[in-house]
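J.: Dropping in protein05.pdb, with PDB, C-alpha atoms and all ligand atoms.
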```pdb
ATOM      1  CA  MET Q1427      42.980 118.917 136.739
ATOM      2  CA  THR Q1428      42.045 115.811 134.765
ATOM      3  CA  ARG Q1429      39.789 113.132 136.176
ATOM      4  CA  GLN Q1430      42.728 110.704 136.334
ATOM      5  CA  GLU Q1431      44.838 113.226 138.257
ATOM      6  CA  TYR Q1432      41.935 113.719 140.657
ATOM      7  CA  ILE Q1433      41.694 109.957 141.263
ATOM      8  CA  GLU Q1434      45.436 109.642 141.864
ATOM      9  CA  THR Q1435      46.271 112.775 143.850
ATOM     10  CA  GLY Q1436      43.669 115.594 143.761
ATOM     11  CA  ARG Q1437      41.272 113.539 145.901
ATOM     12  CA  THR Q1438      43.694 113.661 148.834
ATOM     13  CA  THR Q1439      43.652 117.480 148.938
ATOM     14  CA  VAL Q1440      40.008 117.455 150.106
ATOM     15  CA  ALA Q1441      39.194 116.270 153.632
ATOM     16  CA  GLY Q1442      36.983 113.189 153.761
ATOM     17  CA  TRP Q1443      36.853 109.462 153.265
ATOM     18  CA  PHE Q1444      37.150 108.402 149.632
ATOM     19  CA  ALA Q1445      39.808 105.786 148.957
ATOM     20  CA  GLN Q1446      41.596 105.516 145.624
ATOM     21  CA  ARG Q1447      40.226 101.997 145.162
ATOM     22  CA  ASP Q1448      36.661 103.359 145.295
ATOM     23  CA  ALA Q1449      37.488 106.313 143.051
ATOM     24  CA  MET Q1450      38.808 103.772 140.520
ATOM     25  CA  LEU Q1451      35.617 101.716 140.837
ATOM     26  CA  PHE Q1452      33.356 104.792 140.389
ATOM     27  CA  ASP Q1453      35.404 105.566 137.274
ATOM     28  CA  ALA Q1454      35.094 101.997 135.958
ATOM     29  CA  ILE Q1455      31.310 101.916 136.471
ATOM     30  CA  ASP Q1456      30.905 105.253 134.713
ATOM     31  CA  VAL Q1457      33.091 104.200 131.769
ATOM     32  CA  SER Q1458      31.211 100.885 131.457
ATOM     33  CA  GLN Q1459      27.831 102.639 131.526
ATOM     34  CA  ARG Q1460      28.889 105.122 128.889
ATOM     35  CA  ARG Q1461      30.390 102.412 126.674
ATOM     36  CA  VAL Q1462      26.911 100.927 126.197
ATOM     37  CA  GLY Q1463      25.097 104.276 125.999
ATOM     38  CA  ILE Q1464      23.573 104.375 129.474
ATOM     39  CA  THR Q1465      22.824 107.944 130.502
ATOM     40  CA  GLY Q1466      21.070 109.266 133.596
ATOM     41  CA  ASP Q1467      21.334 111.448 136.635
ATOM     42  CA  ILE Q1468      23.676 111.053 139.603
ATOM     43  CA  LEU Q1469      22.775 111.450 143.282
ATOM     44  CA  GLU Q1470      24.927 111.659 146.395
ATOM     45  CA  ILE Q1471      23.497 111.592 149.911
ATOM     46  CA  GLY Q1472      26.149 112.900 152.325
ATOM     47  CA  CYS Q1473      28.993 114.959 150.839
ATOM     48  CA  TYR Q1474      30.884 116.412 153.855
ATOM     49  CA  GLN Q1475      33.638 118.536 152.256
ATOM     50  CA  GLY Q1476      33.180 117.057 148.796
ATOM     51  CA  THR Q1477      35.851 114.471 148.072
ATOM     52  CA  SER Q1478      33.469 111.894 146.533
ATOM     53  CA  ALA Q1479      31.072 114.555 145.146
ATOM     54  CA  ILE Q1480      33.917 116.086 143.120
ATOM     55  CA  MET Q1481      34.522 112.666 141.535
ATOM     56  CA  LEU Q1482      30.813 112.514 140.648
ATOM     57  CA  GLY Q1483      31.244 115.959 139.080
ATOM     58  CA  TYR Q1484      33.820 114.422 136.730
ATOM     59  CA  MET Q1485      31.325 111.654 135.844
ATOM     60  CA  LYS Q1486      28.361 113.957 135.121
ATOM     61  CA  GLN Q1487      27.696 114.646 131.436
ATOM     62  CA  PRO Q1488      26.298 118.013 130.262
ATOM     63  CA  ASP Q1489      22.740 116.682 129.819
ATOM     64  CA  GLU Q1490      22.704 114.904 133.213
ATOM     65  CA  ARG Q1491      21.857 116.227 136.692
ATOM     66  CA  LEU Q1492      24.134 115.840 139.707
ATOM     67  CA  ILE Q1493      22.180 116.241 142.942
ATOM     68  CA  ILE Q1494      24.019 116.473 146.262
ATOM     69  CA  CYS Q1495      21.967 116.160 149.445
ATOM     70  CA  ASP Q1496      23.416 117.079 152.861
ATOM     71  CA  PRO Q1497      22.034 119.111 155.784
ATOM     72  CA  PHE Q1498      25.600 120.410 156.365
ATOM     73  CA  ASP Q1499      25.688 121.986 159.842
ATOM     74  CA  GLY Q1500      21.887 122.048 160.175
ATOM     75  CA  GLU Q1501      19.863 119.928 162.580
ATOM     76  CA  THR Q1502      20.584 116.179 162.826
ATOM     77  CA  LEU Q1503      17.853 113.556 163.041
ATOM     78  CA  SER Q1504      19.181 111.202 165.715
ATOM     79  CA  ALA Q1505      21.448 110.945 168.748
ATOM     80  CA  GLU Q1506      23.622 108.572 166.716
ATOM     81  CA  ASP Q1507      24.143 111.332 164.122
ATOM     82  CA  ASP Q1508      25.034 113.798 166.911
ATOM     83  CA  THR Q1509      27.689 111.442 168.283
ATOM     84  CA  GLU Q1510      29.166 110.847 164.842
ATOM     85  CA  ARG Q1511      29.223 114.556 164.117
ATOM     86  CA  ALA Q1512      31.113 115.307 167.326
ATOM     87  CA  ARG Q1513      33.636 112.499 166.769
ATOM     88  CA  TYR Q1514      34.476 112.755 163.075
ATOM     89  CA  TYR Q1515      33.581 116.063 161.415
ATOM     90  CA  THR Q1516      35.583 119.273 161.777
ATOM     91  CA  ASP Q1517      33.857 121.622 159.321
ATOM     92  CA  LEU Q1518      30.389 120.769 158.010
ATOM     93  CA  SER Q1519      29.652 124.122 156.406
ATOM     94  CA  ARG Q1520      28.091 124.355 152.970
ATOM     95  CA  GLY Q1521      30.597 127.117 152.126
ATOM     96  CA  THR Q1522      33.568 124.774 152.593
ATOM     97  CA  PHE Q1523      31.921 122.157 150.362
ATOM     98  CA  GLU Q1524      31.215 124.737 147.648
ATOM     99  CA  ASN Q1525      34.743 126.210 147.780
ATOM    100  CA  ASN Q1526      36.290 122.753 147.482
ATOM    101  CA  TYR Q1527      33.961 121.798 144.622
ATOM    102  CA  ARG Q1528      34.748 125.000 142.703
ATOM    103  CA  ARG Q1529      38.486 124.206 142.827
ATOM    104  CA  PHE Q1530      37.777 121.360 140.363
ATOM    105  CA  HIS Q1531      34.555 122.261 138.493
ATOM    106  CA  ALA Q1532      33.254 125.523 137.035
ATOM    107  CA  GLU Q1533      29.634 124.916 138.044
ATOM    108  CA  LEU Q1534      28.238 123.734 141.355
ATOM    109  CA  PRO Q1535      25.918 120.696 141.409
ATOM    110  CA  GLU Q1536      22.277 121.006 142.466
ATOM    111  CA  ILE Q1537      22.371 121.111 146.272
ATOM    112  CA  VAL Q1538      19.569 119.953 148.571
ATOM    113  CA  ALA Q1539      20.706 121.275 151.950
ATOM    114  CA  GLN Q1540      18.361 119.064 153.964
ATOM    115  CA  PRO Q1541      18.340 115.533 155.367
ATOM    116  CA  SER Q1542      17.756 112.898 152.677
ATOM    117  CA  SER Q1543      14.225 112.252 153.964
ATOM    118  CA  ALA Q1544      13.347 115.508 152.148
ATOM    119  CA  LEU Q1545      14.109 113.786 148.830
ATOM    120  CA  HIS Q1546      11.047 111.558 149.263
ATOM    121  CA  THR Q1547       8.821 114.596 148.684
ATOM    122  CA  GLN Q1548      10.768 116.139 145.787
ATOM    123  CA  SER Q1549       9.561 115.549 142.253
ATOM    124  CA  LEU Q1550      12.347 113.142 141.293
ATOM    125  CA  GLY Q1551      11.772 110.073 139.148
ATOM    126  CA  GLN Q1552      13.503 106.863 138.132
ATOM    127  CA  THR Q1553      16.199 108.757 136.194
ATOM    128  CA  PHE Q1554      19.371 107.949 138.138
ATOM    129  CA  ARG Q1555      22.199 105.773 136.789
ATOM    130  CA  PHE Q1556      24.446 106.140 139.861
ATOM    131  CA  ILE Q1557      23.531 106.765 143.511
ATOM    132  CA  HIS Q1558      26.127 107.101 146.306
ATOM    133  CA  ILE Q1559      24.713 106.865 149.827
ATOM    134  CA  ASP Q1560      27.071 108.204 152.505
ATOM    135  CA  GLY Q1561      24.809 110.275 154.763
ATOM    136  CA  SER Q1562      23.422 109.282 158.146
ATOM    137  CA  HIS Q1563      24.691 105.889 159.298
ATOM    138  CA  ALA Q1564      21.737 105.308 161.649
ATOM    139  CA  TYR Q1565      19.791 102.176 160.682
ATOM    140  CA  ASP Q1566      16.387 103.878 160.125
ATOM    141  CA  GLN Q1567      17.933 106.544 157.893
ATOM    142  CA  VAL Q1568      19.945 104.078 155.823
ATOM    143  CA  ARG Q1569      16.838 101.922 155.395
ATOM    144  CA  SER Q1570      14.944 105.000 154.216
ATOM    145  CA  ASP Q1571      17.797 105.914 151.827
ATOM    146  CA  LEU Q1572      17.811 102.365 150.450
ATOM    147  CA  LEU Q1573      14.088 102.502 149.664
ATOM    148  CA  LEU Q1574      14.567 105.914 148.087
ATOM    149  CA  ALA Q1575      17.355 104.532 145.881
ATOM    150  CA  LYS Q1576      15.146 101.600 144.916
ATOM    151  CA  ARG Q1577      12.553 104.102 143.621
ATOM    152  CA  PHE Q1578      14.993 106.377 141.789
ATOM    153  CA  LEU Q1579      17.621 104.011 140.327
ATOM    154  CA  LYS Q1580      17.251 103.071 136.661
ATOM    155  CA  PRO Q1581      17.228  99.299 135.962
ATOM    156  CA  ASN Q1582      20.794  99.436 134.638
ATOM    157  CA  GLY Q1583      22.031 101.725 137.419
ATOM    158  CA  VAL Q1584      24.377 101.100 140.354
ATOM    159  CA  VAL Q1585      23.859 102.061 143.998
ATOM    160  CA  VAL Q1586      26.782 102.374 146.423
ATOM    161  CA  PHE Q1587      26.539 102.403 150.223
ATOM    162  CA  ASP Q1588      29.517 103.669 152.189
ATOM    163  CA  ASP Q1589      30.676 102.147 155.482
ATOM    164  CA  LEU Q1590      29.238  98.683 154.977
ATOM    165  CA  LEU Q1591      32.249  97.389 156.899
ATOM    166  CA  SER Q1592      33.117 100.002 159.525
ATOM    167  CA  ALA Q1593      32.905  99.070 163.186
ATOM    168  CA  HIS Q1594      31.035 102.272 164.056
ATOM    169  CA  THR Q1595      28.283 101.793 161.424
ATOM    170  CA  PRO Q1596      26.338  98.595 162.193
ATOM    171  CA  GLY Q1597      23.157 100.333 160.974
ATOM    172  CA  VAL Q1598      24.534 100.421 157.432
ATOM    173  CA  THR Q1599      25.464  96.731 157.471
ATOM    174  CA  ALA Q1600      22.023  95.764 158.810
ATOM    175  CA  ALA Q1601      20.030  97.945 156.403
ATOM    176  CA  VAL Q1602      22.001  96.888 153.323
ATOM    177  CA  TRP Q1603      21.801  93.137 153.948
ATOM    178  CA  GLU Q1604      18.131  93.487 154.881
ATOM    179  CA  GLY Q1605      17.746  95.118 151.450
ATOM    180  CA  VAL Q1606      19.387  92.080 149.853
ATOM    181  CA  ALA Q1607      17.246  89.615 151.814
ATOM    182  CA  ASN Q1608      13.875  91.384 151.475
ATOM    183  CA  ASP Q1609      13.959  94.149 148.876
ATOM    184  CA  GLY Q1610      15.613  92.590 145.843
ATOM    185  CA  LEU Q1611      18.932  94.425 146.172
ATOM    186  CA  VAL Q1612      21.598  92.461 144.268
ATOM    187  CA  PRO Q1613      25.206  92.632 145.544
ATOM    188  CA  LEU Q1614      27.904  93.165 142.901
ATOM    189  CA  PHE Q1615      31.047  93.823 144.917
ATOM    190  CA  GLN Q1616      32.315  95.298 148.154
ATOM    191  CA  THR Q1617      35.287  97.221 149.457
ATOM    192  CA  ILE Q1618      34.527  99.130 152.632
ATOM    193  CA  LYS Q1619      31.568 100.180 150.450
ATOM    194  CA  PHE Q1620      28.776  97.984 149.063
ATOM    195  CA  TYR Q1621      28.078  98.142 145.313
ATOM    196  CA  GLY Q1622      24.713  96.783 144.132
ATOM    197  CA  THR Q1623      21.774  97.096 141.779
ATOM    198  CA  TRP Q1624      18.096  96.296 141.370
ATOM    199  CA  GLY Q1625      18.422  95.493 137.701
ATOM    200  CA  ALA Q1626      21.014  94.467 135.165
ATOM    201  CA  PRO Q1627      23.902  96.894 134.870
ATOM    202  CA  PRO Q1628      26.389  96.412 132.037
ATOM    203  CA  GLU Q1629      29.440  94.258 132.610
ATOM    204  CA  ILE Q1630      31.930  96.416 134.497
ATOM    205  CA  ASP Q1631      35.569  96.357 133.384
ATOM    206  CA  LEU Q1632      37.202  96.265 136.793
ATOM    207  CA  PRO Q1633      40.407  98.205 137.367
ATOM    208  CA  GLU Q1634      43.550  96.194 138.058
ATOM    209  CA  LEU Q1635      42.948  95.431 141.709
ATOM    210  CA  PRO Q1636      43.002  92.060 143.477
ATOM    211  CA  TRP Q1637      39.514  90.567 143.792
ATOM    212  CA  TYR Q1638      37.987  87.364 145.172
ATOM    213  CA  GLU Q1639      34.621  85.787 144.401
ATOM    214  CA  HIS Q1640      32.011  84.781 146.999
ATOM    215  CA  ASP Q1641      28.642  83.020 146.911
ATOM    216  CA  VAL Q1642      26.299  84.857 149.253
ATOM    217  CA  SER Q1643      22.707  83.729 149.602
ATOM    218  CA  GLY Q1644      22.471  82.757 145.934
ATOM    219  CA  HIS Q1645      24.393  85.801 144.672
ATOM    220  CA  LYS Q1646      27.875  85.758 143.204
ATOM    221  CA  MET Q1647      29.742  88.818 144.453
ATOM    222  CA  LEU Q1648      33.335  90.001 144.650
ATOM    223  CA  HIS Q1649      35.347  91.589 147.381
ATOM    224  CA  ILE Q1650      37.946  93.951 146.001
ATOM    225  CA  GLU Q1651      41.182  94.804 147.741
ATOM    226  CA  GLY Q1652      43.394  97.776 147.109
TER     227      GLY Q1652
HETATM  228  C1  LIG H1701      30.800 110.404 156.096
HETATM  229  S1  LIG H1701      30.309 112.011 155.658
HETATM  230  C2  LIG H1701      30.337 111.975 153.913
HETATM  231  C3  LIG H1701      31.701 111.780 153.384
HETATM  232  C4  LIG H1701      31.875 112.091 151.908
HETATM  233  N1  LIG H1701      30.975 111.349 151.058
HETATM  234  C5  LIG H1701      33.320 111.819 151.530
HETATM  235  O1  LIG H1701      33.548 111.064 150.586
HETATM  236  O2  LIG H1701      34.211 112.364 152.178
HETATM  237  C6  LIG H1701      28.605 111.977 156.051
HETATM  238  C7  LIG H1701      27.839 113.207 155.629
HETATM  239  O3  LIG H1701      26.458 112.881 155.734
HETATM  240  C8  LIG H1701      25.759 114.011 156.142
HETATM  241  N2  LIG H1701      24.471 113.566 156.701
HETATM  242  C9  LIG H1701      24.180 113.206 157.976
HETATM  243  N3  LIG H1701      22.881 112.896 158.082
HETATM  244  C10 LIG H1701      22.349 113.052 156.834
HETATM  245  C11 LIG H1701      21.043 112.880 156.303
HETATM  246  N4  LIG H1701      20.011 112.488 157.077
HETATM  247  N5  LIG H1701      20.847 113.130 154.991
HETATM  248  C12 LIG H1701      21.869 113.531 154.194
HETATM  249  N6  LIG H1701      23.137 113.693 154.656
HETATM  250  C13 LIG H1701      23.362 113.455 155.959
HETATM  251  C14 LIG H1701      26.699 114.697 157.131
HETATM  252  O4  LIG H1701      26.353 116.075 157.251
HETATM  253  C15 LIG H1701      28.059 114.465 156.479
HETATM  254  O5  LIG H1701      28.397 115.535 155.644
END
```
Would you mind writing the file's structure down as structure tokens?
T.:
Amino acid sequence: MTRQEYIETGRTTVAGWFAQRDAMLFDAIDVSQRRVGITGDILEIGCYQGTSAIMLGYMKQPDERLIICDPFDGETLSAEDDTERARYYTDLSRGTFENNYRRFHAELPEIVAQPSSALHTQSLGQTFRFIHIDGSHAYDQVRSDLLLAKRFLKPNGVVVFDDLLSAHTPGVTAAVWEGVANDGLVPLFQTIKFYGTWGAPPEIDLPELPWYEHDVSGHKMLHIEG
């Protein structure tokens, strides 16, 4: 299946939460990075059954790493994670993720089957051009993931946080806007997800979706509808 077919239809054959609007934005960021020769690794924290990770698999180039971090059905780190697991996830097994991923790509990504806090102690450097954070939605964990992304994201890279705007994830909203206020995170645009950077990514050719501009605390940012 081509990348475009995955964005339009293939995506919906994998359980999860990855809207077409965001798939189109991931695609646009990747194309814009490649147009100006930006290379680098890709990281996802929180894959569930793989719908967004498979899209990242289409973005990965042969000389780049794709790292997927998820504890799958292992131990959770907070009561909030336990509640979320019971309410929203039907099958958190690594096997289901791998089977889904193999339907679209010949080779699996590098898998860290642990909570993202384990990434702090791995020998990773500032080599990432794209980081998608969609793991624990508990405030402390998202804050930790944000600081991890700040360390690992290249100056021209983009970080994406899922569930900025979901009623059941106030910890994400708080941690992300704290990052903007105190840690130099620069907002670019938002859907239900937040797209930002710590540096100067290339101009992104946005897909044909309605967007509106906002001034937020000295930053110009867009909200994108779809
Ligand atoms: C909302 S789902 C991810 C959805 C997926 N990105 C998609 O597009 O469908 C959240 C995932 O985060 C994982 N998770 C929970 N706590 C985590 C942690 N501390 N570190 C990494 N992943 C975590 C869960 O196991 C679950 O698979």
J.: Name all residues at most 7 Å from region 1558-1565 of chain Q (count only C-alpha atoms; drop same-chain ones fewer than 6 positions away) and give them as an MDAnalysis selection string.
T.: chainID Q and resid 1469:1472 1506:1507 1585:1588 1595 1597:1598 1601
J.: Can you turn the PyMOL selection byres (((not hetatm)) within 7 of (chain H and resi 1701)) into a concrete residue list for this file, as a compact mmCIF listing (two decimals) with C-alpha atoms, in the frame of the given file?
T.:
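Contents of expr.txt, freshly written:
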```txt
# COMPACT_ATOMS: atom_id res chain seq x y z
CA ALA Q 1441 39.19 116.27 153.63
CA GLY Q 1442 36.98 113.19 153.76
CA TRP Q 1443 36.85 109.46 153.26
CA PHE Q 1444 37.15 108.40 149.63
CA ILE Q 1471 23.50 111.59 149.91
CA GLY Q 1472 26.15 112.90 152.32
CA CYS Q 1473 28.99 114.96 150.84
CA TYR Q 1474 30.88 116.41 153.85
CA GLN Q 1475 33.64 118.54 152.26
CA GLY Q 1476 33.18 117.06 148.80
CA THR Q 1477 35.85 114.47 148.07
CA SER Q 1478 33.47 111.89 146.53
CA ALA Q 1479 31.07 114.56 145.15
CA CYS Q 1495 21.97 116.16 149.44
CA ASP Q 1496 23.42 117.08 152.86
CA PRO Q 1497 22.03 119.11 155.78
CA PHE Q 1498 25.60 120.41 156.36
CA ASP Q 1499 25.69 121.99 159.84
CA THR Q 1502 20.58 116.18 162.83
CA LEU Q 1503 17.85 113.56 163.04
CA ASP Q 1507 24.14 111.33 164.12
CA LEU Q 1518 30.39 120.77 158.01
CA GLN Q 1540 18.36 119.06 153.96
CA PRO Q 1541 18.34 115.53 155.37
CA SER Q 1542 17.76 112.90 152.68
CA SER Q 1543 14.22 112.25 153.96
CA ASP Q 1560 27.07 108.20 152.50
CA GLY Q 1561 24.81 110.28 154.76
CA SER Q 1562 23.42 109.28 158.15
CA GLN Q 1567 17.93 106.54 157.89
```
J.: Evaluate the PyMOL selection byres (((chain Q and resi 1615-1631) around 8) and not hetatm) here and jot the selected residues down as a PyMOL selection string.
T.: chain Q and resi 1448+1454-1455+1458-1459+1462+1576+1579-1592+1610-1614+1632-1633+1647-1651
J.: Could you write out that same residue set with C-alpha atoms as a PDB file, keeping the file's coordinate frame?
T.:
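Saved the output as out25.pdb:
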```pdb
ATOM      1  CA  ASP Q1448      36.661 103.359 145.295  1.00  0.00           C
ATOM      2  CA  ALA Q1454      35.094 101.997 135.958  1.00  0.00           C
ATOM      3  CA  ILE Q1455      31.310 101.916 136.471  1.00  0.00           C
ATOM      4  CA  SER Q1458      31.211 100.885 131.457  1.00  0.00           C
ATOM      5  CA  GLN Q1459      27.831 102.639 131.526  1.00  0.00           C
ATOM      6  CA  VAL Q1462      26.911 100.927 126.197  1.00  0.00           C
ATOM      7  CA  LYS Q1576      15.146 101.600 144.916  1.00  0.00           C
ATOM      8  CA  LEU Q1579      17.621 104.011 140.327  1.00  0.00           C
ATOM      9  CA  LYS Q1580      17.251 103.071 136.661  1.00  0.00           C
ATOM     10  CA  PRO Q1581      17.228  99.299 135.962  1.00  0.00           C
ATOM     11  CA  ASN Q1582      20.794  99.436 134.638  1.00  0.00           C
ATOM     12  CA  GLY Q1583      22.031 101.725 137.419  1.00  0.00           C
ATOM     13  CA  VAL Q1584      24.377 101.100 140.354  1.00  0.00           C
ATOM     14  CA  VAL Q1585      23.859 102.061 143.998  1.00  0.00           C
ATOM     15  CA  VAL Q1586      26.782 102.374 146.423  1.00  0.00           C
ATOM     16  CA  PHE Q1587      26.539 102.403 150.223  1.00  0.00           C
ATOM     17  CA  ASP Q1588      29.517 103.669 152.189  1.00  0.00           C
ATOM     18  CA  ASP Q1589      30.676 102.147 155.482  1.00  0.00           C
ATOM     19  CA  LEU Q1590      29.238  98.683 154.977  1.00  0.00           C
ATOM     20  CA  LEU Q1591      32.249  97.389 156.899  1.00  0.00           C
ATOM     21  CA  SER Q1592      33.117 100.002 159.525  1.00  0.00           C
ATOM     22  CA  GLY Q1610      15.613  92.590 145.843  1.00  0.00           C
ATOM     23  CA  LEU Q1611      18.932  94.425 146.172  1.00  0.00           C
ATOM     24  CA  VAL Q1612      21.598  92.461 144.268  1.00  0.00           C
ATOM     25  CA  PRO Q1613      25.206  92.632 145.544  1.00  0.00           C
ATOM     26  CA  LEU Q1614      27.904  93.165 142.901  1.00  0.00           C
ATOM     27  CA  LEU Q1632      37.202  96.265 136.793  1.00  0.00           C
ATOM     28  CA  PRO Q1633      40.407  98.205 137.367  1.00  0.00           C
ATOM     29  CA  MET Q1647      29.742  88.818 144.453  1.00  0.00           C
ATOM     30  CA  LEU Q1648      33.335  90.001 144.650  1.00  0.00           C
ATOM     31  CA  HIS Q1649      35.347  91.589 147.381  1.00  0.00           C
ATOM     32  CA  ILE Q1650      37.946  93.951 146.001  1.00  0.00           C
ATOM     33  CA  GLU Q1651      41.182  94.804 147.741  1.00  0.00           C
TER      34      GLU Q1651
END
```
J.: Using all atoms listed in the file, which residues sit within 9 Å of Ile1468 (chain Q) once same-chain residues fewer than 2 positions away are excluded, as a ChimeraX atom specification?
T.: /Q:1466,1470,1482,1485-1486,1490-1494,1553-1558
J.: Near Ile1433 (chain Q), counting only C-alpha atoms, which residues have an atom at most 10 Å away, once you skip same-chain residues fewer than 6 positions from it, shown as a ChimeraX atom specification?
T.: /Q:1444-1450,1452-1453,1478,1481
J.: Report, in Å with one decimal, the straight-line distance from CA of His1531 (chain Q) to CA of Thr1465 (chain Q).
T.: 20.2 Å
J.: For a test of reading the model, state the distance in Å between CA of Thr1435 (chain Q) and CA of Glu1536 (chain Q), rounded to one decimal.
T.: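 One can read the CA of Thr1435 (chain Q) to CA of Glu1536 (chain Q) distance as 25.4 Å.
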J.: Between Q:Phe1578, Q:Phe1530, Q:Trp1603, Q:Phe1523, single out the one closest to Tyr1432 (chain Q), counting only C-alpha atoms.
T.: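 Closest candidate: Q:Phe1530.
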J.: Taking the file as shown, find all residues satisfying the PyMOL selection byres (((chain Q and resi 1524) around 10) and not hetatm) and write them as a ChimeraX atom specification.
T.: /Q:1475-1476,1519-1523,1525-1529,1533-1535,1537
J.: With all atoms listed in the file as the basis for distance, which of Q:Gly1551, Q:Ile1480, Q:Glu1634, Q:Glu1434 is at the shortest distance from Ala1532 (chain Q)?
T.: Q:Ile1480
J.: Build an axis-aligned box that encloses every atom of region 1624-1627 of chain Q listed in the file, pad it by 8 Å on each side, and report its centre and edge lengths in Å to one decimal, as JSON.
T.:
```
{"center_x": 21.0, "center_y": 95.7, "center_z": 138.1, "size_x": 21.8, "size_y": 18.4, "size_z": 22.5}
```
J.: Which is closest to Asp1489 (chain Q) among Q:Asp1467, Q:Asp1517, Q:Asp1508, Q:Asp1641, if we use only C-alpha atoms?
T.: Q:Asp1467
J.: Any chance you could build region 1434-1447 of chain Q out to N, CA, C and O atoms and write it as a compact mmCIF listing (two decimals), in the coordinates of the input?
T.:
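out_23.txt, freshly written:
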```txt
# COMPACT_ATOMS: atom_id res chain seq x y z
N GLU Q 1434 44.12 110.02 141.33
CA GLU Q 1434 45.44 109.64 141.86
C GLU Q 1434 45.91 110.56 143.00
O GLU Q 1434 46.41 110.09 144.00
N THR Q 1435 45.71 111.86 142.85
CA THR Q 1435 46.27 112.78 143.85
C THR Q 1435 45.29 113.86 144.33
O THR Q 1435 45.23 114.16 145.51
N GLY Q 1436 44.52 114.45 143.41
CA GLY Q 1436 43.67 115.59 143.76
C GLY Q 1436 42.71 115.28 144.90
O GLY Q 1436 42.48 116.09 145.82
N ARG Q 1437 42.18 114.07 144.88
CA ARG Q 1437 41.27 113.54 145.90
C ARG Q 1437 41.81 113.75 147.32
O ARG Q 1437 41.06 114.06 148.24
N THR Q 1438 43.12 113.61 147.48
CA THR Q 1438 43.69 113.66 148.83
C THR Q 1438 43.83 115.10 149.35
O THR Q 1438 44.19 115.30 150.50
N THR Q 1439 43.56 116.09 148.50
CA THR Q 1439 43.65 117.48 148.94
C THR Q 1439 42.33 117.98 149.51
O THR Q 1439 42.20 119.15 149.85
N VAL Q 1440 41.32 117.10 149.54
CA VAL Q 1440 40.01 117.46 150.11
C VAL Q 1440 39.77 116.54 151.30
O VAL Q 1440 39.91 115.31 151.17
N ALA Q 1441 39.42 117.11 152.44
CA ALA Q 1441 39.19 116.27 153.63
C ALA Q 1441 38.01 115.34 153.40
O ALA Q 1441 37.03 115.72 152.75
N GLY Q 1442 38.10 114.13 153.91
CA GLY Q 1442 36.98 113.19 153.76
C GLY Q 1442 37.46 111.76 153.73
O GLY Q 1442 38.59 111.46 154.14
N TRP Q 1443 36.58 110.89 153.25
CA TRP Q 1443 36.85 109.46 153.26
C TRP Q 1443 36.50 108.86 151.91
O TRP Q 1443 35.38 108.38 151.70
N PHE Q 1444 37.43 108.92 150.96
CA PHE Q 1444 37.15 108.40 149.63
C PHE Q 1444 38.44 107.79 149.09
O PHE Q 1444 39.30 108.50 148.57
N ALA Q 1445 38.56 106.48 149.29
CA ALA Q 1445 39.81 105.79 148.96
C ALA Q 1445 40.02 105.71 147.45
O ALA Q 1445 39.05 105.70 146.67
N GLN Q 1446 41.27 105.59 147.06
CA GLN Q 1446 41.60 105.52 145.62
C GLN Q 1446 40.91 104.31 144.98
O GLN Q 1446 40.42 104.38 143.86
N ARG Q 1447 40.87 103.21 145.69
CA ARG Q 1447 40.23 102.00 145.16
C ARG Q 1447 38.77 102.29 144.77
O ARG Q 1447 38.30 101.88 143.71
```
